[in-house]
Amino acid sequence: MDTLVSLATKSNVSQLNLGLEATSIFSIPLRDFLLDAPQLKPYSVQVYEINPSLVSGFKKAFGSRLPKTDDLDAYIIAERLRFGHLTPYSHEVSVTAPLRQLTRLRLHLVELLVDEKNRALNLLFLKFSNYKQDNPFTNVFGRASIEVLKEFTPDEIAQISIEELAEFIQSHGKNRFTNPEEIATALKQAANRAYRLNSKMEQACEIALSLTLQNIEHLKRQIKSLDKVISRELKAIPQTLTTVKGLGDVSAAGIIAEIGDIKRFKNEASLAQYAGLTCTRYQSGDFDAEERRLTKSGNKYLRYYLVMAANSLRVHNEEYKAYYQTKYQEVQKHQHKRALVLTARKLVRLVFALLSKGQIYKGAVKS
């Protein structure tokens, strides 16, 4: 602080532009300290968190054999700041920053849940080889299905009566099944066809699968609890994204938290690039490749929540349902994945328009 004040006094300036690399969580305390420092209150202070990749790329312009030192790194950051085309940290971003911690945690939990489900499916094949293929339940990881897997081995299912198994299924399915006897019959048939393991392997798989299923249930509860907190926090932030039919609180919160200040983006194309929802193109002569890959060089969290929102909109919103179907039918390969990404790209235009203007959604936004 003494150095900054001394330099500002010596140079007779009223504004200080301070640049630092955005190094994950480590830049946050320094950024907030610079913004709140009492010694700098007499000055107009702008703090710029610069992506390290921008600094690294800019450094190459000074030569390919430059050493790696703290002094040189500080000089390159200052030069990049002088070069311009950067957006300072704003009050709007600070409002959504706490929400970002919650929405990023949610993605982390979802990724853990996917890993645990994949582990469970591998163990399930060993315990009950044809359960996933012949499973009469709509969802392998539904409540009734999990309780069956935790309670019975294939041999026990084969031996238990249909009436008793049906009663167990109905009680753990909260009486939602219209024909539990039919499910019980299908389970017994699947159990009779399943491969059997030796006793030692069977016991090990039983324990491993049981613990993994407990992990899955725990992660589901955590995500459900976190969703309630995210919805509550979103209510404190003025926004109009949830006026779009099919766009829920969690998706809207994830999008808003990652965008922060919409004024950072000059248009919807720059927002799409920030999200990594731009595609590479390969064209030569009369050939134009049908399959185009995402650049994926942007914000993975924003991309995730935009795609998550698009997946909901294609079901609950007629405009986006029609758009998805059109894009789905245009190609023969990777139809769902391509159509979903393009639907997310279309959503970017709507998000930019609503957040920029603060308007309530009233209908289609022209592409």
# chains A, B, ... in the order shown; residues from 1 in each chain; ligands from 1

$ select_by_dssp --residues "segment 115-284 of chain A" --states "helix (DSSP H, G or I)" --output "ChimeraX atom specification"
/A:115-127,131-134,143-151,154-159,162-172,180-193,199-234,241-243,249-259,262-264,268-275

$ residues_around --residues "Arg80 of chain A" --least-positions-apart "2" --cutoff "12 Å" --atoms "only C-alpha atoms" --output "count of residues only"
31

$ residues_around --residues "segment 166-174 of chain A" --least-positions-apart "3" --cutoff "12 Å" --atoms "only C-alpha atoms" --output "number ranges by chain"
A: 136-139, 142-152, 157, 160-163, 177-188

$ select_by_dssp --residues "segment 127-353 of chain A" --states "strand (DSSP E or B)" --output "list in words"
Cys279, Gln283, Ser284, Phe287, Asp288 and Leu294 of chain A
